[in-house]
file query13.cif (mmCIF, C-alpha atoms)
data_coords
loop_
_atom_site.label_atom_id
_atom_site.label_comp_id
_atom_site.auth_asym_id
_atom_site.auth_seq_id
_atom_site.Cartn_x
_atom_site.Cartn_y
_atom_site.Cartn_z
CA MET Y 1 10.23 -19.13 72.55
CA GLY Y 2 6.66 -17.86 72.52
CA SER Y 3 3.75 -19.09 70.49
CA GLY Y 4 4.15 -16.17 68.08
CA ASP Y 5 7.73 -17.30 67.26
CA ASP Y 6 6.50 -20.85 66.71
CA GLU Y 7 3.92 -19.65 64.18
CA ARG Y 8 6.46 -17.55 62.27
CA SER Y 9 8.89 -20.48 62.18
CA PHE Y 10 6.19 -22.83 60.98
CA PHE Y 11 5.09 -20.64 58.09
CA ALA Y 12 8.69 -19.76 57.15
CA GLU Y 13 9.44 -23.42 56.52
CA MET Y 14 6.43 -23.99 54.31
CA PRO Y 15 7.29 -24.27 50.61
CA VAL Y 16 6.09 -21.42 48.45
CA ARG Y 17 3.70 -22.68 45.84
CA PRO Y 18 3.36 -20.77 42.61
CA ALA Y 19 -0.02 -19.22 42.08
CA THR Y 20 -2.16 -21.41 39.90
CA LYS Y 21 -3.71 -19.88 36.80
CA THR Y 22 -7.28 -20.49 35.93
CA LYS Y 23 -8.09 -21.94 32.55
CA ALA Y 24 -9.64 -18.63 31.49
CA ALA Y 25 -6.44 -16.75 32.35
CA GLU Y 26 -4.27 -19.22 30.43
CA GLU Y 27 -6.32 -18.92 27.23
CA LYS Y 28 -5.96 -15.70 25.27
CA PRO Y 29 -9.11 -14.23 23.75
CA HIS Y 30 -9.62 -15.67 20.28
CA TYR Y 31 -9.64 -12.26 18.61
CA LEU Y 32 -6.06 -11.37 19.59
CA GLY Y 33 -4.53 -13.68 16.99
CA HIS Y 34 -6.94 -12.30 14.39
CA ARG Y 35 -5.85 -8.76 15.23
CA ASP Y 36 -2.19 -9.67 14.80
CA ARG Y 37 -2.87 -11.29 11.42
CA LEU Y 38 -4.91 -8.34 10.21
CA ARG Y 39 -2.22 -5.86 11.23
CA GLU Y 40 0.36 -7.97 9.40
CA ARG Y 41 -1.75 -7.99 6.21
CA PHE Y 42 -2.16 -4.23 6.39
CA SER Y 43 1.56 -3.75 6.95
CA SER Y 44 2.68 -6.10 4.17
CA ALA Y 45 -0.02 -5.63 1.51
CA GLY Y 46 -1.27 -2.11 2.23
CA PRO Y 47 -4.79 -0.75 2.82
CA ASP Y 48 -6.08 -1.59 -0.66
CA ALA Y 49 -5.75 -5.29 0.15
CA LEU Y 50 -8.37 -4.99 2.90
CA PRO Y 51 -12.13 -4.66 2.36
CA ASP Y 52 -13.98 -1.89 4.17
CA TYR Y 53 -15.02 -4.01 7.14
CA GLU Y 54 -11.43 -5.08 7.86
CA LEU Y 55 -10.12 -1.54 7.60
CA LEU Y 56 -12.86 -0.48 9.98
CA GLU Y 57 -11.90 -3.37 12.27
CA LEU Y 58 -8.32 -2.08 12.41
CA LEU Y 59 -9.59 1.31 13.48
CA LEU Y 60 -11.87 -0.20 16.11
CA PHE Y 61 -8.98 -2.21 17.61
CA ARG Y 62 -7.74 0.99 19.25
CA LEU Y 63 -11.17 2.26 20.19
CA ILE Y 64 -12.49 -1.03 21.61
CA PRO Y 65 -9.38 -2.82 22.96
CA ARG Y 66 -11.05 -5.72 24.78
CA ALA Y 67 -13.65 -7.10 22.41
CA ASP Y 68 -14.07 -8.80 19.06
CA THR Y 69 -14.57 -5.86 16.71
CA LYS Y 70 -15.44 -7.82 13.55
CA PRO Y 71 -19.19 -8.03 14.32
CA VAL Y 72 -19.19 -4.35 15.32
CA ALA Y 73 -17.53 -3.33 12.04
CA LYS Y 74 -19.96 -5.43 10.02
CA ALA Y 75 -22.93 -4.04 11.94
CA LEU Y 76 -21.81 -0.47 11.23
CA LEU Y 77 -21.48 -1.16 7.51
CA ALA Y 78 -24.81 -2.99 7.43
CA ARG Y 79 -26.46 0.04 9.00
CA PHE Y 80 -24.78 2.83 7.02
CA GLY Y 81 -23.53 1.21 3.80
CA THR Y 82 -19.92 2.27 3.29
CA LEU Y 83 -16.90 3.22 5.36
CA ALA Y 84 -17.36 6.85 4.32
CA GLU Y 85 -20.98 6.75 5.44
CA VAL Y 86 -19.99 5.22 8.79
CA LEU Y 87 -17.57 8.08 9.46
CA GLY Y 88 -20.09 10.61 8.21
CA ALA Y 89 -22.98 9.32 10.33
CA PRO Y 90 -24.27 11.53 13.19
CA LEU Y 91 -23.19 10.69 16.73
CA GLY Y 92 -26.67 9.64 17.81
CA LEU Y 93 -27.11 7.16 14.97
CA LEU Y 94 -23.68 5.64 15.53
CA GLN Y 95 -24.60 4.90 19.13
CA GLU Y 96 -27.65 2.95 18.01
CA VAL Y 97 -25.30 0.22 16.73
CA LYS Y 98 -24.57 -2.48 19.32
CA GLY Y 99 -21.04 -2.11 20.66
CA ILE Y 100 -20.74 1.62 19.93
CA GLY Y 101 -20.91 3.79 23.03
CA PRO Y 102 -20.60 7.58 23.32
CA SER Y 103 -16.79 7.62 23.53
CA VAL Y 104 -16.29 5.30 20.53
CA ALA Y 105 -18.83 7.28 18.48
CA LEU Y 106 -16.97 10.50 19.31
CA ASP Y 107 -13.63 8.91 18.37
CA LEU Y 108 -15.06 7.92 14.98
CA LYS Y 109 -16.11 11.53 14.41
CA VAL Y 110 -12.58 12.66 15.30
CA VAL Y 111 -11.26 10.32 12.61
CA ALA Y 112 -13.79 11.75 10.15
CA ALA Y 113 -12.74 15.31 11.00
CA THR Y 114 -9.09 14.36 10.50
CA ALA Y 115 -9.87 12.91 7.07
CA GLN Y 116 -11.74 16.08 6.11
CA ARG Y 117 -8.83 18.23 7.23
CA MET Y 118 -6.46 16.17 5.09
CA ALA Y 119 -8.76 16.48 2.08
CA ARG Y 120 -9.00 20.24 2.55
CA GLY Y 121 -5.22 20.43 2.69
CA GLU Y 122 -5.11 18.83 -0.75
CA VAL Y 123 -6.97 21.78 -2.31
CA ARG Y 124 -6.02 24.79 -0.18
CA GLY Y 125 -3.75 27.15 -2.08
CA ARG Y 126 -3.98 25.15 -5.30
CA GLU Y 127 -5.53 26.18 -8.59
CA ILE Y 128 -8.97 24.69 -8.00
CA LEU Y 129 -10.04 24.21 -11.59
CA SER Y 130 -7.06 21.91 -12.20
CA SER Y 131 -7.62 20.03 -8.91
CA TRP Y 132 -11.27 19.23 -9.51
CA THR Y 133 -11.13 15.60 -8.34
CA GLN Y 134 -9.53 16.59 -5.03
CA LEU Y 135 -12.12 19.35 -4.64
CA LEU Y 136 -14.99 16.91 -5.13
CA ASP Y 137 -13.43 14.44 -2.71
CA TYR Y 138 -13.17 17.17 -0.10
CA CYS Y 139 -16.73 18.40 -0.59
CA ARG Y 140 -18.07 14.87 -0.40
CA SER Y 141 -16.16 14.06 2.79
CA ALA Y 142 -17.29 17.33 4.37
CA MET Y 143 -20.95 17.38 3.37
CA ALA Y 144 -22.33 14.23 1.75
CA PHE Y 145 -23.45 12.56 4.96
CA GLU Y 146 -24.77 15.54 6.90
CA ASP Y 147 -28.39 15.16 8.01
CA ARG Y 148 -29.18 18.83 7.34
CA GLU Y 149 -28.53 21.02 4.31
CA GLN Y 150 -25.39 23.14 4.39
CA PHE Y 151 -24.57 25.98 2.04
CA ARG Y 152 -20.81 26.27 1.58
CA ILE Y 153 -18.83 28.83 -0.39
CA LEU Y 154 -15.32 28.33 -1.76
CA PHE Y 155 -13.63 31.71 -2.24
CA LEU Y 156 -10.94 31.94 -4.93
CA ASP Y 157 -8.30 34.51 -5.80
CA LYS Y 158 -7.47 35.79 -9.28
CA LYS Y 159 -5.43 32.62 -9.95
CA ASN Y 160 -8.41 30.46 -8.90
CA ALA Y 161 -6.57 29.26 -5.80
CA LEU Y 162 -8.64 28.56 -2.70
CA ILE Y 163 -8.28 31.33 -0.14
CA ALA Y 164 -11.21 30.45 2.14
CA ASP Y 165 -13.87 27.80 2.60
CA GLU Y 166 -16.88 28.68 4.73
CA VAL Y 167 -20.25 27.21 5.62
CA GLN Y 168 -22.51 30.23 5.35
CA GLN Y 169 -25.85 28.67 6.27
CA VAL Y 170 -27.21 25.46 7.81
CA GLY Y 171 -30.84 24.66 7.15
CA THR Y 172 -33.28 21.77 7.48
CA VAL Y 173 -33.34 18.39 5.78
CA ASP Y 174 -34.50 19.93 2.50
CA HIS Y 175 -34.00 23.70 2.62
CA THR Y 176 -31.29 26.24 3.41
CA PRO Y 177 -31.96 29.99 3.35
CA VAL Y 178 -29.41 31.77 1.15
CA TYR Y 179 -29.05 35.53 0.77
CA PRO Y 180 -27.22 36.62 -2.42
CA ARG Y 181 -26.23 39.97 -0.89
CA GLU Y 182 -24.45 38.21 2.00
CA VAL Y 183 -22.64 35.88 -0.40
CA VAL Y 184 -21.26 38.76 -2.45
CA LYS Y 185 -20.49 40.85 0.62
CA ARG Y 186 -18.33 38.07 2.06
CA ALA Y 187 -16.53 37.60 -1.26
CA LEU Y 188 -15.58 41.27 -1.28
CA GLU Y 189 -14.42 41.12 2.35
CA LEU Y 190 -12.02 38.31 1.41
CA SER Y 191 -10.92 40.02 -1.84
CA ALA Y 192 -12.13 36.98 -3.76
CA THR Y 193 -12.54 37.35 -7.50
CA ALA Y 194 -14.47 34.10 -7.98
CA ILE Y 195 -16.53 31.68 -5.94
CA ILE Y 196 -17.82 28.13 -6.15
CA LEU Y 197 -21.14 27.44 -4.45
CA VAL Y 198 -21.66 24.04 -2.81
CA HIS Y 199 -24.55 22.55 -0.92
CA ASN Y 200 -25.66 19.06 0.01
CA HIS Y 201 -28.91 17.15 -0.37
CA PRO Y 202 -29.44 14.93 2.70
CA SER Y 203 -31.93 12.88 0.66
CA GLY Y 204 -28.93 11.57 -1.27
CA ASP Y 205 -30.19 12.70 -4.70
CA PRO Y 206 -27.99 15.55 -6.02
CA THR Y 207 -30.43 16.61 -8.74
CA PRO Y 208 -30.84 20.43 -8.63
CA SER Y 209 -34.29 21.67 -7.70
CA ARG Y 210 -35.98 24.64 -9.38
CA ALA Y 211 -35.31 26.65 -6.21
CA ASP Y 212 -31.61 25.71 -6.40
CA ILE Y 213 -31.39 26.95 -9.98
CA GLU Y 214 -33.24 30.22 -9.33
CA MET Y 215 -31.18 31.01 -6.24
CA THR Y 216 -27.94 30.35 -8.15
CA LYS Y 217 -28.94 32.71 -10.95
CA GLU Y 218 -29.72 35.42 -8.40
CA ILE Y 219 -26.26 35.06 -6.87
CA ILE Y 220 -24.62 35.12 -10.32
CA GLU Y 221 -26.38 38.38 -11.19
CA ALA Y 222 -25.53 40.02 -7.86
CA ALA Y 223 -21.89 38.90 -8.03
CA LYS Y 224 -21.43 39.92 -11.67
CA ARG Y 225 -22.28 43.54 -10.93
CA LEU Y 226 -19.37 43.67 -8.46
CA GLY Y 227 -16.82 41.79 -10.55
CA VAL Y 228 -17.08 38.40 -8.83
CA SER Y 229 -17.47 35.31 -10.99
CA VAL Y 230 -19.45 32.21 -10.02
CA HIS Y 231 -17.60 29.25 -11.52
CA ASP Y 232 -20.12 26.58 -10.57
CA HIS Y 233 -22.70 25.39 -8.09
CA LEU Y 234 -22.08 21.83 -6.91
CA ILE Y 235 -24.75 19.74 -5.23
CA ILE Y 236 -23.38 16.89 -3.15
CA GLY Y 237 -25.32 13.69 -2.44
CA ARG Y 238 -24.41 10.40 -0.82
CA LYS Y 239 -24.08 8.64 -4.15
CA GLY Y 240 -22.62 11.40 -6.29
CA TYR Y 241 -22.77 15.05 -7.20
CA ALA Y 242 -24.29 17.40 -9.74
CA SER Y 243 -22.60 20.37 -11.40
CA MET Y 244 -24.96 23.09 -12.56
CA LYS Y 245 -22.38 24.26 -15.05
CA GLY Y 246 -21.90 20.72 -16.31
CA LEU Y 247 -25.70 20.37 -16.68
CA LEU Y 248 -25.78 23.69 -18.60
CA LEU Y 249 -28.12 25.18 -16.01
CA ILE Y 250 -25.93 28.26 -15.51
#
call {"tool": "encode", "arguments": {"input": "query13.cif", "output": "structure tokens"}}
result
Amino acid sequence: MGSGDDERSFFAEMPVRPATKTKAAEEKPHYLGHRDRLRERFSSAGPDALPDYELLELLLFRLIPRADTKPVAKALLARFGTLAEVLGAPLGLLQEVKGIGPSVALDLKVVAATAQRMARGEVRGREILSSWTQLLDYCRSAMAFEDREQFRILFLDKKNALIADEVQQVGTVDHTPVYPREVVKRALELSATAIILVHNHPSGDPTPSRADIEMTKEIIEAAKRLGVSVHDHLIIGRKGYASMKGLLLI
């Protein structure tokens, strides 16, 4: 028997020892138990039982699978204020928060877009004037946290049901150019008989400016001549909204 056979025989007779685990491998990360408990609370008590930071934590579990997401959730809320403002924050600002990289920031914007789509589904095809709360919720989710002004038009049919929702112009932080002729032209193209004007104030204060009021009156006059009604002009801010009709400005 050669030396090679002797070596194989020697090693074959050696007992197989189980691989030893390091202490770090034996101990599960502390946040795993917390995640399980939080999921259980959500499942048993529902979302209303959780404050914003815990609901945000649940979302971040999937986006950041191998880290403690509680400090990240709290940092996001400390920076932006509310869960809605976190989801509405621009990509660049989200990435300034420790723990939020480009992919996580993009995932948060996907969640925000999904929420907006759901809110729009609540008002599409419905009689808008009787679904005012849902309409405001949709407008706020879509526009309140944008860092530039947007001018949006909701086009309604003769039953005041939403037939189209379009952002016509995007401007700067405090101004959006609006052309009454283009507004009316688009309403006629869509066979809309009424419209609701909506724009946001990135400053957060929804109070109408003099320019807002004058521009609205110009659109009302142009639309009236062609049989299109302007039901209202809503201004959306981070902390609320203003209705020009409600303020008796139109």
call {"tool": "closest_residue", "arguments": {"input": "query13.cif", "among": "Y:Phe61, Y:Phe145, Y:Tyr179, Y:Trp132", "to": "Asp232 (chain Y)", "atoms": "only C-alpha atoms"}}
result
Y:Trp132
call {"tool": "resolve_selection", "arguments": {"input": "query13.cif", "expression": "the PyMOL selection byres ((chain Y and resi 105-120) around 6)", "output": "list of chain:residue names"}}
result
Y:Leu87, Y:Leu91, Y:Leu94, Y:Pro102, Y:Ser103, Y:Val104, Y:Gly121, Y:Glu122, Y:Val123, Y:Tyr138, Y:Ser141, Y:Ala142
call {"tool": "atom_distance", "arguments": {"input": "query13.cif", "atom1": "CA of Arg225 (chain Y)", "atom2": "CA of Val184 (chain Y)"}}
result
9.8 Å
call {"tool": "atom_distance", "arguments": {"input": "query13.cif", "atom1": "CA of Ser229 (chain Y)", "atom2": "CA of Thr193 (chain Y)"}}
result
6.4 Å
call {"tool": "resolve_selection", "arguments": {"input": "query13.cif", "expression": "the PyMOL selection byres ((chain Y and resi 170) around 7)", "output": "VMD selection string"}}
result
chain Y and resid 148 to 151 169 171 176
call {"tool": "residues_around", "arguments": {"input": "query13.cif", "residues": "Val230 (chain Y)", "least_positions_apart": "2", "cutoff": "7 Å", "atoms": "all atoms listed in the file", "output": "number ranges by chain"}}
result
Y: 194-196, 220, 228, 232
call {"tool": "atom_distance", "arguments": {"input": "query13.cif", "atom1": "CA of Gln134 (chain Y)", "atom2": "CA of Leu55 (chain Y)"}}
result
22.1 Å
call {"tool": "closest_residue", "arguments": {"input": "query13.cif", "among": "Y:Thr69, Y:Pro202, Y:Ile128, Y:Lys185", "to": "Ala161 (chain Y)", "atoms": "only C-alpha atoms"}}
result
Y:Ile128
call {"tool": "residues_near_point", "arguments": {"input": "query13.cif", "point": "(-10.3, 42.2, -4.3)", "cutoff": "10 Å", "atoms": "only C-alpha atoms", "output": "VMD selection string"}}
result
chain Y and resid 157 to 158 187 to 194 227 to 228
call {"tool": "write_last_selection", "arguments": {"input": "query13.cif", "atoms": "C-alpha atoms", "output": "PDB file, in the coordinates of the input"}}
result
ATOM      1  CA  ASP Y 157      -8.300  34.510  -5.800  1.00  0.00           C
ATOM      2  CA  LYS Y 158      -7.470  35.790  -9.280  1.00  0.00           C
ATOM      3  CA  ALA Y 187     -16.530  37.600  -1.260  1.00  0.00           C
ATOM      4  CA  LEU Y 188     -15.580  41.270  -1.280  1.00  0.00           C
ATOM      5  CA  GLU Y 189     -14.420  41.120   2.350  1.00  0.00           C
ATOM      6  CA  LEU Y 190     -12.020  38.310   1.410  1.00  0.00           C
ATOM      7  CA  SER Y 191     -10.920  40.020  -1.840  1.00  0.00           C
ATOM      8  CA  ALA Y 192     -12.130  36.980  -3.760  1.00  0.00           C
ATOM      9  CA  THR Y 193     -12.540  37.350  -7.500  1.00  0.00           C
ATOM     10  CA  ALA Y 194     -14.470  34.100  -7.980  1.00  0.00           C
ATOM     11  CA  GLY Y 227     -16.820  41.790 -10.550  1.00  0.00           C
ATOM     12  CA  VAL Y 228     -17.080  38.400  -8.830  1.00  0.00           C
TER      13      VAL Y 228
END
call {"tool": "closest_residue", "arguments": {"input": "query13.cif", "among": "Y:Met143, Y:Arg238, Y:Lys245, Y:Leu156", "to": "Ile213 (chain Y)", "atoms": "all atoms listed in the file"}}
result
Y:Lys245
call {"tool": "closest_residue", "arguments": {"input": "query13.cif", "among": "Y:Arg181, Y:Arg35, Y:Lys239, Y:Arg140", "to": "Arg66 (chain Y)", "atoms": "only C-alpha atoms"}}
result
Y:Arg35
call {"tool": "decode", "arguments": {"input": "query13.cif", "residues": "region 46-58 of chain Y", "atoms": "N, CA, C and O atoms", "output": "mmCIF file, in the first residue's frame"}}
result
data_model
loop_
_atom_site.group_PDB
_atom_site.id
_atom_site.type_symbol
_atom_site.label_atom_id
_atom_site.label_comp_id
_atom_site.auth_asym_id
_atom_site.auth_seq_id
_atom_site.Cartn_x
_atom_site.Cartn_y
_atom_site.Cartn_z
ATOM 1 N N GLY Y 46 -54.150 46.638 13.587
ATOM 2 C CA GLY Y 46 -54.376 47.491 12.429
ATOM 3 C C GLY Y 46 -53.449 48.697 12.396
ATOM 4 O O GLY Y 46 -52.786 49.016 13.394
ATOM 5 N N PRO Y 47 -53.395 49.394 11.268
ATOM 6 C CA PRO Y 47 -52.452 50.509 11.102
ATOM 7 C C PRO Y 47 -52.696 51.681 12.033
ATOM 8 O O PRO Y 47 -51.765 52.399 12.384
ATOM 9 N N ASP Y 48 -53.949 51.903 12.440
ATOM 10 C CA ASP Y 48 -54.244 53.056 13.294
ATOM 11 C C ASP Y 48 -53.629 52.920 14.680
ATOM 12 O O ASP Y 48 -53.522 53.918 15.404
ATOM 13 N N ALA Y 49 -53.240 51.705 15.046
ATOM 14 C CA ALA Y 49 -52.638 51.489 16.358
ATOM 15 C C ALA Y 49 -51.156 51.864 16.381
ATOM 16 O O ALA Y 49 -50.540 51.910 17.445
ATOM 17 N N LEU Y 50 -50.584 52.151 15.218
ATOM 18 C CA LEU Y 50 -49.163 52.457 15.120
ATOM 19 C C LEU Y 50 -48.946 53.938 14.826
ATOM 20 O O LEU Y 50 -49.610 54.502 13.959
ATOM 21 N N PRO Y 51 -48.028 54.584 15.535
ATOM 22 C CA PRO Y 51 -47.676 55.965 15.191
ATOM 23 C C PRO Y 51 -46.936 55.997 13.860
ATOM 24 O O PRO Y 51 -46.511 54.958 13.331
ATOM 25 N N ASP Y 52 -46.749 57.195 13.336
ATOM 26 C CA ASP Y 52 -46.126 57.338 12.018
ATOM 27 C C ASP Y 52 -44.766 56.658 11.927
ATOM 28 O O ASP Y 52 -44.453 56.005 10.926
ATOM 29 N N TYR Y 53 -43.937 56.815 12.968
ATOM 30 C CA TYR Y 53 -42.575 56.279 12.852
ATOM 31 C C TYR Y 53 -42.579 54.758 12.794
ATOM 32 O O TYR Y 53 -41.731 54.156 12.113
ATOM 33 N N GLU Y 54 -43.540 54.105 13.454
ATOM 34 C CA GLU Y 54 -43.592 52.644 13.395
ATOM 35 C C GLU Y 54 -44.149 52.162 12.063
ATOM 36 O O GLU Y 54 -43.700 51.135 11.528
ATOM 37 N N LEU Y 55 -45.100 52.885 11.511
ATOM 38 C CA LEU Y 55 -45.602 52.528 10.188
ATOM 39 C C LEU Y 55 -44.489 52.696 9.148
ATOM 40 O O LEU Y 55 -44.339 51.861 8.246
ATOM 41 N N LEU Y 56 -43.713 53.749 9.300
ATOM 42 C CA LEU Y 56 -42.584 53.960 8.400
ATOM 43 C C LEU Y 56 -41.529 52.874 8.594
ATOM 44 O O LEU Y 56 -40.922 52.407 7.625
ATOM 45 N N GLU Y 57 -41.322 52.460 9.840
ATOM 46 C CA GLU Y 57 -40.407 51.345 10.114
ATOM 47 C C GLU Y 57 -40.835 50.087 9.358
ATOM 48 O O GLU Y 57 -40.007 49.405 8.756
ATOM 49 N N LEU Y 58 -42.114 49.766 9.419
ATOM 50 C CA LEU Y 58 -42.621 48.581 8.716
ATOM 51 C C LEU Y 58 -42.300 48.640 7.234
ATOM 52 O O LEU Y 58 -41.921 47.631 6.622
#
